[in-house]
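Peer 1: Enclosed is the structure file structure-v8.txt (compact mmCIF, C-alpha atoms and all ligand atoms).
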# COMPACT_ATOMS: atom_id res chain seq x y z
CA THR A 23 34.72 9.17 53.37
CA THR A 24 32.79 6.54 51.49
CA TYR A 25 34.34 5.37 48.23
CA SER A 26 31.80 4.47 45.57
CA LEU A 27 32.48 1.61 43.18
CA LEU A 28 30.37 0.14 40.40
CA ILE A 29 31.27 -3.50 39.77
CA LEU A 30 30.46 -4.90 36.33
CA PRO A 31 31.57 -8.56 36.35
CA GLY A 32 30.45 -9.25 32.78
CA ASP A 33 30.85 -12.66 31.16
CA GLY A 34 32.91 -15.85 31.35
CA ILE A 35 35.53 -15.71 34.09
CA GLY A 36 34.57 -12.07 34.85
CA PRO A 37 32.24 -13.01 37.73
CA GLU A 38 34.75 -15.59 39.02
CA VAL A 39 37.65 -13.15 39.35
CA MET A 40 35.34 -10.41 40.65
CA ALA A 41 34.26 -12.63 43.56
CA GLU A 42 37.89 -12.55 44.73
CA VAL A 43 38.00 -8.76 44.50
CA ARG A 44 34.92 -8.73 46.76
CA LYS A 45 36.94 -10.63 49.37
CA VAL A 46 39.73 -8.06 49.13
CA ILE A 47 37.27 -5.18 49.51
CA GLY A 48 35.80 -6.93 52.54
CA TRP A 49 39.26 -7.17 54.10
CA PHE A 50 39.92 -3.45 53.65
CA GLU A 51 36.55 -2.60 55.22
CA THR A 52 37.03 -4.86 58.21
CA ASN A 53 40.71 -4.29 58.85
CA ARG A 54 41.49 -0.83 57.53
CA GLY A 55 38.25 0.92 58.43
CA LEU A 56 37.57 1.91 54.83
CA SER A 57 33.99 2.32 53.70
CA PHE A 58 33.05 1.31 50.18
CA ASP A 59 29.66 1.88 48.59
CA VAL A 60 29.65 -1.04 46.16
CA SER A 61 26.95 -1.55 43.57
CA GLU A 62 26.88 -4.26 40.95
CA ASP A 63 25.31 -4.46 37.52
CA LEU A 64 25.38 -6.28 34.19
CA VAL A 65 27.49 -5.63 31.12
CA GLY A 66 28.22 -7.49 27.89
CA GLY A 67 26.49 -10.76 27.11
CA ALA A 68 25.00 -10.90 30.60
CA ALA A 69 23.30 -7.54 30.01
CA TYR A 70 22.19 -8.60 26.54
CA ASP A 71 20.49 -11.68 27.98
CA LYS A 72 18.45 -9.52 30.34
CA HIS A 73 17.94 -6.25 28.46
CA GLY A 74 18.58 -7.12 24.80
CA LYS A 75 21.53 -4.75 24.77
CA PRO A 76 25.03 -4.96 26.20
CA LEU A 77 24.67 -1.99 28.56
CA ALA A 78 21.40 -0.69 30.01
CA ASP A 79 20.88 3.08 30.14
CA GLU A 80 20.54 2.94 33.94
CA THR A 81 23.91 1.20 34.18
CA MET A 82 25.48 3.87 31.99
CA ALA A 83 24.00 6.59 34.19
CA LYS A 84 25.30 4.87 37.31
CA ALA A 85 28.79 4.60 35.78
CA LEU A 86 28.81 8.38 35.37
CA GLU A 87 27.93 8.90 39.05
CA VAL A 88 30.45 6.72 40.85
CA ASP A 89 34.08 7.37 41.80
CA ALA A 90 35.22 4.30 39.85
CA VAL A 91 33.99 1.43 37.69
CA LEU A 92 35.61 -2.03 37.90
CA LEU A 93 34.84 -4.29 34.94
CA GLY A 94 35.61 -8.01 34.62
CA ALA A 95 35.44 -9.07 30.98
CA VAL A 96 32.85 -9.29 28.23
CA GLY A 97 32.11 -11.66 25.37
CA GLY A 98 32.08 -15.35 24.65
CA PRO A 99 31.05 -17.90 22.02
CA ALA A 100 27.34 -17.57 22.86
CA TYR A 101 27.42 -13.98 21.65
CA ASP A 102 29.77 -14.24 18.69
CA ASN A 103 26.98 -14.19 16.10
CA LEU A 104 24.99 -11.29 17.51
CA ASP A 105 24.37 -8.22 15.41
CA PHE A 106 27.28 -5.78 15.61
CA SER A 107 25.13 -3.16 17.33
CA VAL A 108 24.48 -5.38 20.36
CA LYS A 109 27.75 -7.28 20.60
CA PRO A 110 29.14 -7.49 24.17
CA GLU A 111 32.15 -5.27 23.42
CA ARG A 112 29.76 -2.50 22.41
CA GLY A 113 28.92 -2.24 26.10
CA LEU A 114 32.57 -1.61 26.86
CA LEU A 115 32.90 0.86 24.02
CA ARG A 116 29.86 2.78 25.20
CA LEU A 117 31.30 3.09 28.69
CA ARG A 118 34.63 4.32 27.31
CA LYS A 119 32.95 6.79 24.99
CA GLU A 120 30.36 8.30 27.33
CA MET A 121 32.82 8.49 30.21
CA ASP A 122 35.27 10.08 27.72
CA LEU A 123 38.14 7.90 28.91
CA PHE A 124 40.99 9.35 26.90
CA ALA A 125 43.97 7.99 28.84
CA ASN A 126 44.56 4.25 28.89
CA LEU A 127 46.99 3.10 31.58
CA ARG A 128 48.83 -0.15 31.09
CA PRO A 129 51.33 -0.92 33.84
CA ALA A 130 54.04 -3.47 33.13
CA GLN A 131 55.19 -4.76 36.44
CA CYS A 132 57.40 -7.80 36.75
CA PHE A 133 57.20 -9.50 40.11
CA ASP A 134 60.50 -11.10 41.00
CA ALA A 135 58.89 -14.51 41.53
CA LEU A 136 57.60 -14.50 37.95
CA ALA A 137 60.65 -13.04 36.20
CA ASP A 138 61.31 -16.34 34.47
CA PHE A 139 57.94 -16.06 32.70
CA SER A 140 59.07 -12.96 30.86
CA SER A 141 59.97 -13.09 27.20
CA LEU A 142 63.22 -11.45 28.25
CA LYS A 143 66.02 -12.48 30.57
CA ARG A 144 65.45 -12.26 34.30
CA ASP A 145 68.24 -9.71 34.82
CA VAL A 146 66.60 -7.34 32.31
CA VAL A 147 63.09 -7.43 33.82
CA ALA A 148 63.22 -8.45 37.50
CA GLY A 149 61.59 -5.69 39.52
CA LEU A 150 60.37 -3.86 36.42
CA ASP A 151 57.62 -1.32 37.18
CA ILE A 152 56.68 0.99 34.32
CA LEU A 153 53.43 2.58 33.21
CA ILE A 154 52.41 3.19 29.61
CA VAL A 155 49.82 5.92 29.11
CA ARG A 156 48.15 5.56 25.71
CA GLU A 157 45.87 8.22 24.20
CA LEU A 158 42.65 6.29 23.60
CA THR A 159 40.04 8.42 21.88
CA SER A 160 41.74 10.10 18.94
CA GLY A 161 44.56 9.67 16.43
CA VAL A 162 44.71 7.49 13.36
CA TYR A 163 41.98 5.06 14.49
CA PHE A 164 39.41 7.86 14.38
CA GLY A 165 40.80 10.68 12.20
CA GLN A 166 38.90 11.89 9.13
CA PRO A 167 39.09 11.46 6.22
CA ARG A 168 39.19 7.71 6.21
CA GLY A 169 38.01 5.09 3.77
CA ILE A 170 38.79 2.95 0.77
CA SER A 171 38.27 4.32 -2.70
CA ALA A 172 36.05 2.60 -5.24
CA ASP A 173 37.09 -0.44 -7.22
CA ASP A 174 39.68 -0.16 -9.93
CA THR A 175 38.20 1.27 -13.07
CA PRO A 176 39.35 -0.03 -16.44
CA GLY A 177 42.65 1.58 -17.26
CA ASN A 178 43.30 2.45 -13.62
CA GLU A 179 44.75 -0.78 -12.39
CA GLY A 180 46.31 -0.48 -8.93
CA GLY A 181 44.52 2.80 -8.34
CA ARG A 182 42.53 2.01 -5.19
CA VAL A 183 43.50 3.95 -2.10
CA GLY A 184 43.09 3.13 1.60
CA VAL A 185 43.20 6.20 3.79
CA ASN A 186 43.46 6.83 7.50
CA THR A 187 44.31 10.16 9.03
CA GLN A 188 46.50 10.69 12.02
CA ARG A 189 45.02 13.83 13.48
CA TYR A 190 45.53 15.33 16.93
CA THR A 191 44.48 18.66 18.36
CA SER A 192 46.65 20.43 20.90
CA GLY A 193 43.83 20.01 23.44
CA GLU A 194 43.79 16.24 22.99
CA ILE A 195 47.55 16.07 23.45
CA ARG A 196 47.58 18.38 26.45
CA ARG A 197 44.96 16.47 28.40
CA VAL A 198 46.70 13.11 28.05
CA ALA A 199 50.04 14.76 28.83
CA ARG A 200 48.55 16.20 32.03
CA ALA A 201 47.29 12.73 32.98
CA ALA A 202 50.79 11.32 32.48
CA PHE A 203 52.47 14.06 34.53
CA GLU A 204 49.93 13.65 37.36
CA LEU A 205 50.61 9.90 37.39
CA ALA A 206 54.36 10.44 37.35
CA ARG A 207 54.08 12.61 40.46
CA LYS A 208 52.50 9.64 42.26
CA ARG A 209 55.34 7.38 41.04
CA ASN A 210 58.98 8.20 40.26
CA ASN A 211 58.41 11.61 38.71
CA ARG A 212 59.70 10.82 35.22
CA VAL A 213 57.84 10.94 31.89
CA CYS A 214 59.14 9.83 28.52
CA SER A 215 57.00 10.98 25.59
CA MET A 216 57.14 8.92 22.39
CA GLU A 217 56.21 9.99 18.84
CA LYS A 218 57.83 10.22 15.43
CA ALA A 219 58.48 13.96 15.21
CA ASN A 220 61.17 13.20 12.65
CA VAL A 221 58.64 12.13 10.00
CA MET A 222 55.13 13.13 11.19
CA GLU A 223 53.50 16.54 11.56
CA SER A 224 51.28 15.17 14.33
CA GLY A 225 54.50 13.99 15.98
CA ILE A 226 55.95 17.50 15.94
CA LEU A 227 52.76 18.88 17.48
CA TRP A 228 52.78 16.06 20.05
CA ARG A 229 56.34 16.87 21.11
CA GLU A 230 55.73 20.64 21.30
CA GLU A 231 52.51 20.32 23.28
CA VAL A 232 53.87 17.80 25.78
CA GLN A 233 56.86 20.08 26.30
CA TRP A 234 54.53 23.07 26.75
CA VAL A 235 52.46 21.31 29.41
CA HIS A 236 55.67 20.32 31.15
CA ASP A 237 57.25 23.77 31.12
CA ASN A 238 54.09 25.58 32.19
CA GLU A 239 52.45 23.15 34.58
CA TYR A 240 54.78 20.33 35.61
CA PRO A 241 58.36 21.68 35.61
CA ASP A 242 59.09 19.47 38.64
CA VAL A 243 58.62 16.28 36.60
CA GLU A 244 61.56 15.06 34.54
CA LEU A 245 60.56 14.93 30.84
CA SER A 246 62.35 13.25 27.96
CA HIS A 247 61.32 12.62 24.34
CA MET A 248 62.04 9.57 22.24
CA TYR A 249 61.14 8.44 18.73
CA ALA A 250 58.65 5.61 19.09
CA ASP A 251 60.69 3.14 17.05
CA ASN A 252 63.68 3.71 19.29
CA GLY A 253 61.25 3.44 22.21
CA ALA A 254 60.26 -0.05 21.07
CA MET A 255 63.92 -1.00 20.96
CA GLN A 256 64.65 0.50 24.38
CA LEU A 257 61.63 -1.26 25.91
CA VAL A 258 63.17 -4.57 24.98
CA ARG A 259 66.79 -3.60 25.61
CA ASN A 260 66.47 -1.96 29.02
CA PRO A 261 62.83 -1.44 30.09
CA ARG A 262 63.74 -0.39 33.61
CA GLN A 263 65.08 2.94 32.32
CA PHE A 264 61.44 4.14 32.09
CA ASP A 265 58.88 5.26 34.66
CA VAL A 266 55.86 6.70 32.81
CA ILE A 267 55.68 6.56 29.00
CA VAL A 268 53.08 8.72 27.26
CA THR A 269 52.24 8.13 23.62
CA ASP A 270 49.49 8.29 21.02
CA ASN A 271 46.77 5.76 20.27
CA LEU A 272 48.55 3.74 17.57
CA PHE A 273 52.04 3.66 19.08
CA GLY A 274 50.49 3.02 22.50
CA ASP A 275 48.53 0.04 21.22
CA ILE A 276 51.71 -1.59 19.96
CA LEU A 277 54.10 -0.54 22.72
CA SER A 278 51.72 -1.62 25.51
CA ASP A 279 51.25 -5.08 24.00
CA ALA A 280 55.01 -5.45 23.66
CA ALA A 281 55.49 -4.29 27.26
CA ALA A 282 52.89 -6.82 28.45
CA MET A 283 55.13 -9.63 27.30
CA LEU A 284 57.92 -8.35 29.51
CA THR A 285 55.88 -9.44 32.51
CA GLY A 286 54.62 -12.94 31.77
CA SER A 287 51.02 -14.08 32.09
CA LEU A 288 47.92 -12.37 30.76
CA GLY A 289 46.31 -13.30 34.07
CA MET A 290 48.54 -10.77 35.84
CA LEU A 291 47.90 -7.59 33.83
CA PRO A 292 45.67 -4.79 35.14
CA SER A 293 44.64 -1.64 33.28
CA ALA A 294 42.82 1.61 33.84
CA SER A 295 41.19 4.17 31.60
CA LEU A 296 40.93 7.71 32.89
CA GLY A 297 38.91 10.72 31.77
CA ALA A 298 38.57 14.32 32.83
CA PRO A 299 38.49 15.30 36.51
CA MET A 300 35.07 15.10 38.18
CA GLU A 301 33.72 17.51 40.81
CA ASN A 302 35.81 15.82 43.50
CA GLY A 303 38.95 16.55 41.48
CA ARG A 304 39.60 12.89 40.69
CA PRO A 305 39.41 11.57 37.14
CA ARG A 306 36.49 9.61 35.81
CA ALA A 307 37.82 6.07 35.74
CA MET A 308 37.24 2.52 34.68
CA TYR A 309 39.52 -0.31 35.76
CA GLU A 310 39.71 -3.71 34.10
CA PRO A 311 42.02 -6.66 33.64
CA VAL A 312 43.66 -6.81 30.21
CA HIS A 313 42.49 -10.40 29.66
CA GLY A 314 39.15 -11.40 28.16
CA SER A 315 36.39 -13.72 29.33
CA ALA A 316 38.47 -16.89 28.80
CA PRO A 317 35.63 -19.22 27.73
CA ASP A 318 38.06 -22.15 27.61
CA ILE A 319 38.42 -22.15 31.40
CA THR A 320 35.12 -20.57 32.49
CA GLY A 321 33.39 -22.27 35.41
CA GLN A 322 36.35 -24.47 36.29
CA GLY A 323 37.90 -22.44 39.09
CA LYS A 324 41.08 -22.05 37.04
CA ALA A 325 41.06 -18.29 36.39
CA ASN A 326 43.83 -16.19 37.88
CA PRO A 327 42.14 -13.34 39.80
CA ILE A 328 45.34 -11.28 40.16
CA ALA A 329 44.81 -9.07 37.07
CA CYS A 330 41.42 -8.01 38.43
CA ILE A 331 42.73 -7.61 41.98
CA LEU A 332 45.61 -5.43 40.72
CA SER A 333 43.05 -3.41 38.74
CA PHE A 334 41.32 -2.72 42.04
CA ALA A 335 44.71 -1.71 43.48
CA MET A 336 44.92 0.87 40.69
CA ALA A 337 41.48 2.14 41.71
CA LEU A 338 42.72 2.51 45.30
CA ARG A 339 45.67 4.55 44.04
CA TYR A 340 44.17 6.67 41.28
CA SER A 341 40.48 7.06 42.17
CA TYR A 342 40.48 7.01 45.95
CA GLY A 343 43.88 8.54 46.68
CA LEU A 344 44.78 5.52 48.81
CA GLY A 345 48.28 4.92 47.50
CA ASP A 346 49.48 3.28 50.72
CA GLU A 347 46.63 0.77 50.62
CA ALA A 348 47.36 0.09 46.93
CA ASP A 349 51.00 -0.59 47.86
CA ARG A 350 49.80 -2.91 50.61
CA LEU A 351 47.67 -4.90 48.18
CA GLU A 352 50.50 -5.16 45.66
CA ARG A 353 52.85 -6.33 48.41
CA ALA A 354 50.35 -9.02 49.38
CA VAL A 355 50.24 -10.26 45.76
CA GLU A 356 54.03 -10.24 45.64
CA LYS A 357 54.24 -12.21 48.91
CA VAL A 358 51.81 -14.88 47.70
CA LEU A 359 53.76 -15.30 44.47
CA ALA A 360 57.06 -15.45 46.35
CA ASP A 361 55.54 -18.19 48.51
CA GLY A 362 54.98 -20.21 45.34
CA VAL A 363 51.19 -20.00 45.24
CA ARG A 364 50.23 -20.39 41.58
CA THR A 365 47.11 -20.63 39.47
CA GLY A 366 47.49 -22.87 36.41
CA ASP A 367 48.51 -20.04 34.07
CA LEU A 368 51.53 -19.34 36.31
CA MET A 369 52.87 -22.88 36.30
CA GLY A 370 56.21 -23.28 34.63
CA PRO A 371 57.33 -26.37 32.73
CA GLU A 372 58.50 -27.84 36.04
CA GLY A 373 54.84 -28.20 36.99
CA GLY A 374 53.41 -28.36 40.49
CA THR A 375 49.90 -28.22 41.89
CA PRO A 376 47.89 -25.16 40.89
CA VAL A 377 45.52 -23.47 43.32
CA SER A 378 41.97 -22.51 42.38
CA THR A 379 40.69 -18.99 41.73
CA SER A 380 39.16 -18.93 45.18
CA GLN A 381 42.28 -20.29 46.90
CA MET A 382 44.38 -17.58 45.23
CA GLY A 383 41.96 -14.93 46.49
CA ASP A 384 42.07 -16.40 50.00
CA ALA A 385 45.88 -16.47 49.96
CA ILE A 386 46.04 -12.81 48.98
CA VAL A 387 43.56 -11.85 51.70
CA ALA A 388 45.60 -13.82 54.23
CA ALA A 389 48.80 -12.10 53.07
CA LEU A 390 47.21 -8.65 53.42
CA ALA A 391 47.36 -8.84 57.20
CA ALA A 392 51.16 -8.95 57.14
CA ALA A 393 51.73 -6.76 54.09
P1 LIG A 401 41.23 -14.21 26.63
O1 LIG A 401 42.06 -13.20 27.29
O2 LIG A 401 39.85 -14.38 27.16
O3 LIG A 401 41.98 -15.64 26.73
C1 LIG A 401 43.24 -15.90 26.11
C2 LIG A 401 43.91 -17.10 26.82
O4 LIG A 401 44.40 -16.68 28.11
C3 LIG A 401 42.94 -18.25 27.10
O5 LIG A 401 43.62 -19.48 26.95
C4 LIG A 401 42.54 -18.02 28.54
O6 LIG A 401 42.18 -19.22 29.21
C5 LIG A 401 43.80 -17.42 29.15
N1 LIG A 401 43.46 -16.48 30.23
C6 LIG A 401 42.90 -15.25 30.10
N2 LIG A 401 42.70 -14.69 31.29
C7 LIG A 401 43.12 -15.58 32.21
C8 LIG A 401 43.15 -15.58 33.63
N3 LIG A 401 42.70 -14.55 34.35
N4 LIG A 401 43.64 -16.68 34.26
C9 LIG A 401 44.10 -17.72 33.55
N5 LIG A 401 44.10 -17.79 32.21
C10 LIG A 401 43.61 -16.72 31.55
O7 LIG A 401 41.19 -13.85 25.08
P2 LIG A 401 40.40 -14.59 23.89
O8 LIG A 401 40.39 -16.06 24.09
O9 LIG A 401 40.97 -14.05 22.65
O10 LIG A 401 38.90 -14.05 23.96
C11 LIG A 401 37.86 -14.71 24.66
C12 LIG A 401 36.65 -13.80 24.72
O11 LIG A 401 36.94 -12.66 25.51
C13 LIG A 401 36.19 -13.27 23.37
O12 LIG A 401 34.78 -13.25 23.36
C14 LIG A 401 36.76 -11.88 23.32
O13 LIG A 401 36.00 -11.04 22.51
C15 LIG A 401 36.66 -11.47 24.76
N6 LIG A 401 37.62 -10.43 25.17
C16 LIG A 401 37.19 -9.49 26.02
C17 LIG A 401 38.03 -8.51 26.49
C18 LIG A 401 37.50 -7.53 27.47
O14 LIG A 401 36.46 -7.75 28.05
N7 LIG A 401 38.20 -6.44 27.71
C19 LIG A 401 39.44 -8.44 26.05
C20 LIG A 401 39.84 -9.53 25.20
C21 LIG A 401 38.94 -10.48 24.76
MG MG A 402 46.39 -4.13 21.18
Could you render the structure from this file as structure tokens?
Peer 2:
Amino acid sequence: TTYSLLILPGDGIGPEVMAEVRKVIGWFETNRGLSFDVSEDLVGGAAYDKHGKPLADETMAKALEVDAVLLGAVGGPAYDNLDFSVKPERGLLRLRKEMDLFANLRPAQCFDALADFSSLKRDVVAGLDILIVRELTSGVYFGQPRGISADDTPGNEGGRVGVNTQRYTSGEIRRVARAAFELARKRNNRVCSMEKANVMESGILWREEVQWVHDNEYPDVELSHMYADNGAMQLVRNPRQFDVIVTDNLFGDILSDAAAMLTGSLGMLPSASLGAPMENGRPRAMYEPVHGSAPDITGQGKANPIACILSFAMALRYSYGLGDEADRLERAVEKVLADGVRTGDLMGPEGGTPVSTSQMGDAIVAALAAA
């Protein structure tokens, strides 16, 4: 089998961290006999500079052909004043929209060596490994009607109204629920669904539909339901009680950012966005670090490549069905961190000498052999 991958390094530190992923891919080809068909193209400001828009049509077409897309980051000060229609993030949004990536996966994994970076106590988070699945294409950010009513008219002081609509169809809920159950089967087989069925109609539908998908299609996976506000509390009180959490767009936005802080540095956080299954049965997918283009450290060899490398590990697991190789890569990252190798963002107050982006990549490649 040849695994196809479209690499879109993007802007700022994107190309710097992606160079380290290239090393990792090279290691898997040489040492594990895997064959990757890697192509590379422009996105964001880099694409704007060449094509006058943040994603060329050919790039979009290519993204729809490959097994997986790996994106670095887009944006930066040079592009901040561009017209909205050609801003770098529009390239990202176009990819998400045309690939119909409705399930956003945000793992929160706390490596033991970094447990002291967490916002919580070490004994609450050490060894944490949970996955939040956020519905990404519907809900209150998109629902109609939406808008702000006209200015106050005389005699109608305080009468303006801002409206958003939380609207979900059963189909939208079922497909993200299926994604969560599939993921749980590759992990610890437990899903906790979060909504507010106590006060929201869409929450009642959410709970019923997730339960329906469970009962009819995934009875082997353990399912629980939780009100999202309690979920926020439980995430901070005892996050290790969870395996996969599935929730809507709004709650997922908030809960995944809160969960990110359980793990420490932004430079460590991978993500994936999945769509419907393709002909090969695997979901359309785009993988990307959670961090942005980090203009403040661009070109200085300071960027932590781990978030992007762990994003590639997610591609191994979810797009290529290579869970063992994904585990191997994650073990290599864990080993390097346990050995005390640190980029600047992972330095505690006690200090030390940080390694460069490239040295971190080399250390991970070296650790792969023994992982
Ligand atoms: P950012 O994530 O780029 O940076 C925030 C802080 O974290 C900075 O101090 C940065 O140096 C540090 N940081 C981020 N990634 C790091 C890494 N891998 N290693 C070490 N340190 C790291 O967010 P910011 O500053 O708000 O945005 C900068 C630009 O990136 C903007 O143009 C923004 O629009 C864009 N952006 C793009 C995203 C994407 O492509 N998905 C996501 C977030 C922001
Ligand atoms: Mg957010």
Peer 1: Considering all atoms listed in the file, tabulate each residue of chain A that lies at most 8 Å from ligand LIG 401 (chain A) along with its nearest interatomic pair and the corresponding distance in Å to one decimal; arrange the rows by chain and ascending residue number and present them as a Markdown table.
Peer 2:
| residue | atom | partner | partner_atom | distance |
| --- | --- | --- | --- | --- |
| A:Gly32 | CA | A:LIG401 | O14 | 7.8 |
| A:Gly34 | CA | A:LIG401 | O11 | 7.8 |
| A:Ile35 | CA | A:LIG401 | N3 | 7.3 |
| A:Val39 | CA | A:LIG401 | N3 | 7.2 |
| A:Leu93 | CA | A:LIG401 | O14 | 7.9 |
| A:Gly94 | CA | A:LIG401 | O14 | 6.6 |
| A:Ala95 | CA | A:LIG401 | O14 | 3.4 |
| A:Val96 | CA | A:LIG401 | O14 | 3.9 |
| A:Gly97 | CA | A:LIG401 | O12 | 3.7 |
| A:Gly98 | CA | A:LIG401 | O12 | 3.7 |
| A:Pro99 | CA | A:LIG401 | O12 | 6.1 |
| A:Tyr101 | CA | A:LIG401 | O12 | 7.6 |
| A:Asp102 | CA | A:LIG401 | O12 | 6.9 |
| A:Pro110 | CA | A:LIG401 | O13 | 7.9 |
| A:Glu111 | CA | A:LIG401 | O14 | 6.8 |
| A:Leu114 | CA | A:LIG401 | O14 | 7.4 |
| A:Ser287 | CA | A:LIG401 | N5 | 7.9 |
| A:Leu288 | CA | A:LIG401 | N2 | 5.7 |
| A:Gly289 | CA | A:LIG401 | N3 | 3.8 |
| A:Met290 | CA | A:LIG401 | N3 | 7.1 |
| A:Glu310 | CA | A:LIG401 | N7 | 7.1 |
| A:Pro311 | CA | A:LIG401 | N7 | 7.1 |
| A:Val312 | CA | A:LIG401 | N7 | 6.0 |
| A:His313 | CA | A:LIG401 | O1 | 3.7 |
| A:Gly314 | CA | A:LIG401 | O2 | 3.2 |
| A:Ser315 | CA | A:LIG401 | O11 | 4.0 |
| A:Ala316 | CA | A:LIG401 | O2 | 3.3 |
| A:Pro317 | CA | A:LIG401 | C11 | 5.9 |
| A:Asp318 | CA | A:LIG401 | O6 | 5.3 |
| A:Ile319 | CA | A:LIG401 | O6 | 5.2 |
| A:Thr320 | CA | A:LIG401 | O6 | 7.9 |
| A:Lys324 | CA | A:LIG401 | C9 | 6.3 |
| A:Ala325 | CA | A:LIG401 | N4 | 3.7 |
| A:Asn326 | CA | A:LIG401 | N4 | 3.7 |
| A:Pro327 | CA | A:LIG401 | N3 | 5.6 |
| A:Ile328 | CA | A:LIG401 | N3 | 7.2 |
| A:Ala329 | CA | A:LIG401 | N3 | 6.5 |
| A:Cys330 | CA | A:LIG401 | N3 | 7.8 |
| A:Thr365 | CA | A:LIG401 | C9 | 7.3 |
| A:Gly366 | CA | A:LIG401 | C9 | 6.8 |
| A:Asp367 | CA | A:LIG401 | C9 | 5.0 |
Peer 1: Go through chain A residue by residue and, counting all atoms listed in the file, keep those with an atom at most 9 Å from ligand MG 402 (chain A); for each kept residue give the shortest atom pair and its distance in Å to one decimal, ordered by chain and increasing number, as a Markdown table.
Peer 2:
| residue | atom | partner | partner_atom | distance |
| --- | --- | --- | --- | --- |
| A:Leu272 | CA | A:MG402 | MG | 8.9 |
| A:Gly274 | CA | A:MG402 | MG | 8.3 |
| A:Asp275 | CA | A:MG402 | MG | 4.7 |
| A:Ile276 | CA | A:MG402 | MG | 6.0 |
| A:Leu277 | CA | A:MG402 | MG | 8.6 |
| A:Ser278 | CA | A:MG402 | MG | 7.3 |
| A:Asp279 | CA | A:MG402 | MG | 5.7 |
Peer 1: Segment 70-85 of chain A: which residues within 10 Å, counting all atoms listed in the file, same-chain residues fewer than 5 positions away excluded, as a tab-separated table (two decimals) with C-alpha atoms, in the frame of the given file?
Peer 2:
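So the final result, stored in selection_28.tsv, reads:
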chain	number	residue	atom	x	y	z
A	27	LEU	CA	32.48	1.61	43.18
A	28	LEU	CA	30.37	0.14	40.40
A	29	ILE	CA	31.27	-3.50	39.77
A	30	LEU	CA	30.46	-4.90	36.33
A	32	GLY	CA	30.45	-9.25	32.78
A	61	SER	CA	26.95	-1.55	43.57
A	62	GLU	CA	26.88	-4.26	40.95
A	63	ASP	CA	25.31	-4.46	37.52
A	64	LEU	CA	25.38	-6.28	34.19
A	65	VAL	CA	27.49	-5.63	31.12
A	90	ALA	CA	35.22	4.30	39.85
A	91	VAL	CA	33.99	1.43	37.69
A	92	LEU	CA	35.61	-2.03	37.90
A	96	VAL	CA	32.85	-9.29	28.23
A	97	GLY	CA	32.11	-11.66	25.37
A	101	TYR	CA	27.42	-13.98	21.65
A	104	LEU	CA	24.99	-11.29	17.51
A	107	SER	CA	25.13	-3.16	17.33
A	108	VAL	CA	24.48	-5.38	20.36
A	109	LYS	CA	27.75	-7.28	20.60
A	110	PRO	CA	29.14	-7.49	24.17
A	111	GLU	CA	32.15	-5.27	23.42
A	112	ARG	CA	29.76	-2.50	22.41
A	113	GLY	CA	28.92	-2.24	26.10
A	114	LEU	CA	32.57	-1.61	26.86
A	115	LEU	CA	32.90	0.86	24.02
A	116	ARG	CA	29.86	2.78	25.20
A	117	LEU	CA	31.30	3.09	28.69
A	120	GLU	CA	30.36	8.30	27.33
A	121	MET	CA	32.82	8.49	30.21
A	306	ARG	CA	36.49	9.61	35.81
A	307	ALA	CA	37.82	6.07	35.74
A	308	MET	CA	37.24	2.52	34.68
Peer 1: Between A:Pro371, A:Ser224, A:Val43, A:Glu194, which one has atoms that come closest to Phe139 of chain A, using all atoms listed in the file?
Peer 2: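 Going through A:Pro371, A:Ser224, A:Val43, A:Glu194 one by one, the smallest distance to Phe139 of chain A is for A:Pro371.
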Peer 1: Taking into account all atoms listed in the file, which residue in the set A:Asn211, A:Ala298, A:Pro292, A:Gln263 is nearest to Phe334 of chain A?
Peer 2: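 Using all atoms listed in the file, Phe334 of chain A sits closest to A:Pro292.
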Peer 1: From the set A:Arg168, A:Arg350, A:Lys218, A:Lys119, which residue has the shortest atom-to-atom contact distance to Leu338 of chain A, counting only C-alpha atoms?
Peer 2: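 Residue with the minimum atom-to-atom distance to Leu338 of chain A: A:Arg350.
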Peer 1: Quick one: everything within 9 Å of segment 229-234 of chain A, counting all atoms listed in the file, minus sequence neighbours fewer than 3 positions away in the same chain. Send it as a PDB file with C-alpha atoms, in the frame of the given file.
Peer 2:
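Wrote it out as around.pdb, contents follow:
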ATOM      1  CA  SER A 192      46.650  20.430  20.900  1.00  0.00           C
ATOM      2  CA  GLY A 193      43.830  20.010  23.440  1.00  0.00           C
ATOM      3  CA  ILE A 195      47.550  16.070  23.450  1.00  0.00           C
ATOM      4  CA  ARG A 196      47.580  18.380  26.450  1.00  0.00           C
ATOM      5  CA  VAL A 198      46.700  13.110  28.050  1.00  0.00           C
ATOM      6  CA  ALA A 199      50.040  14.760  28.830  1.00  0.00           C
ATOM      7  CA  ARG A 200      48.550  16.200  32.030  1.00  0.00           C
ATOM      8  CA  SER A 215      57.000  10.980  25.590  1.00  0.00           C
ATOM      9  CA  MET A 216      57.140   8.920  22.390  1.00  0.00           C
ATOM     10  CA  GLU A 217      56.210   9.990  18.840  1.00  0.00           C
ATOM     11  CA  LYS A 218      57.830  10.220  15.430  1.00  0.00           C
ATOM     12  CA  ALA A 219      58.480  13.960  15.210  1.00  0.00           C
ATOM     13  CA  SER A 224      51.280  15.170  14.330  1.00  0.00           C
ATOM     14  CA  GLY A 225      54.500  13.990  15.980  1.00  0.00           C
ATOM     15  CA  ILE A 226      55.950  17.500  15.940  1.00  0.00           C
ATOM     16  CA  ASP A 237      57.250  23.770  31.120  1.00  0.00           C
ATOM     17  CA  ASN A 238      54.090  25.580  32.190  1.00  0.00           C
ATOM     18  CA  GLU A 239      52.450  23.150  34.580  1.00  0.00           C
ATOM     19  CA  LEU A 245      60.560  14.930  30.840  1.00  0.00           C
ATOM     20  CA  SER A 246      62.350  13.250  27.960  1.00  0.00           C
ATOM     21  CA  HIS A 247      61.320  12.620  24.340  1.00  0.00           C
TER      22      HIS A 247
END
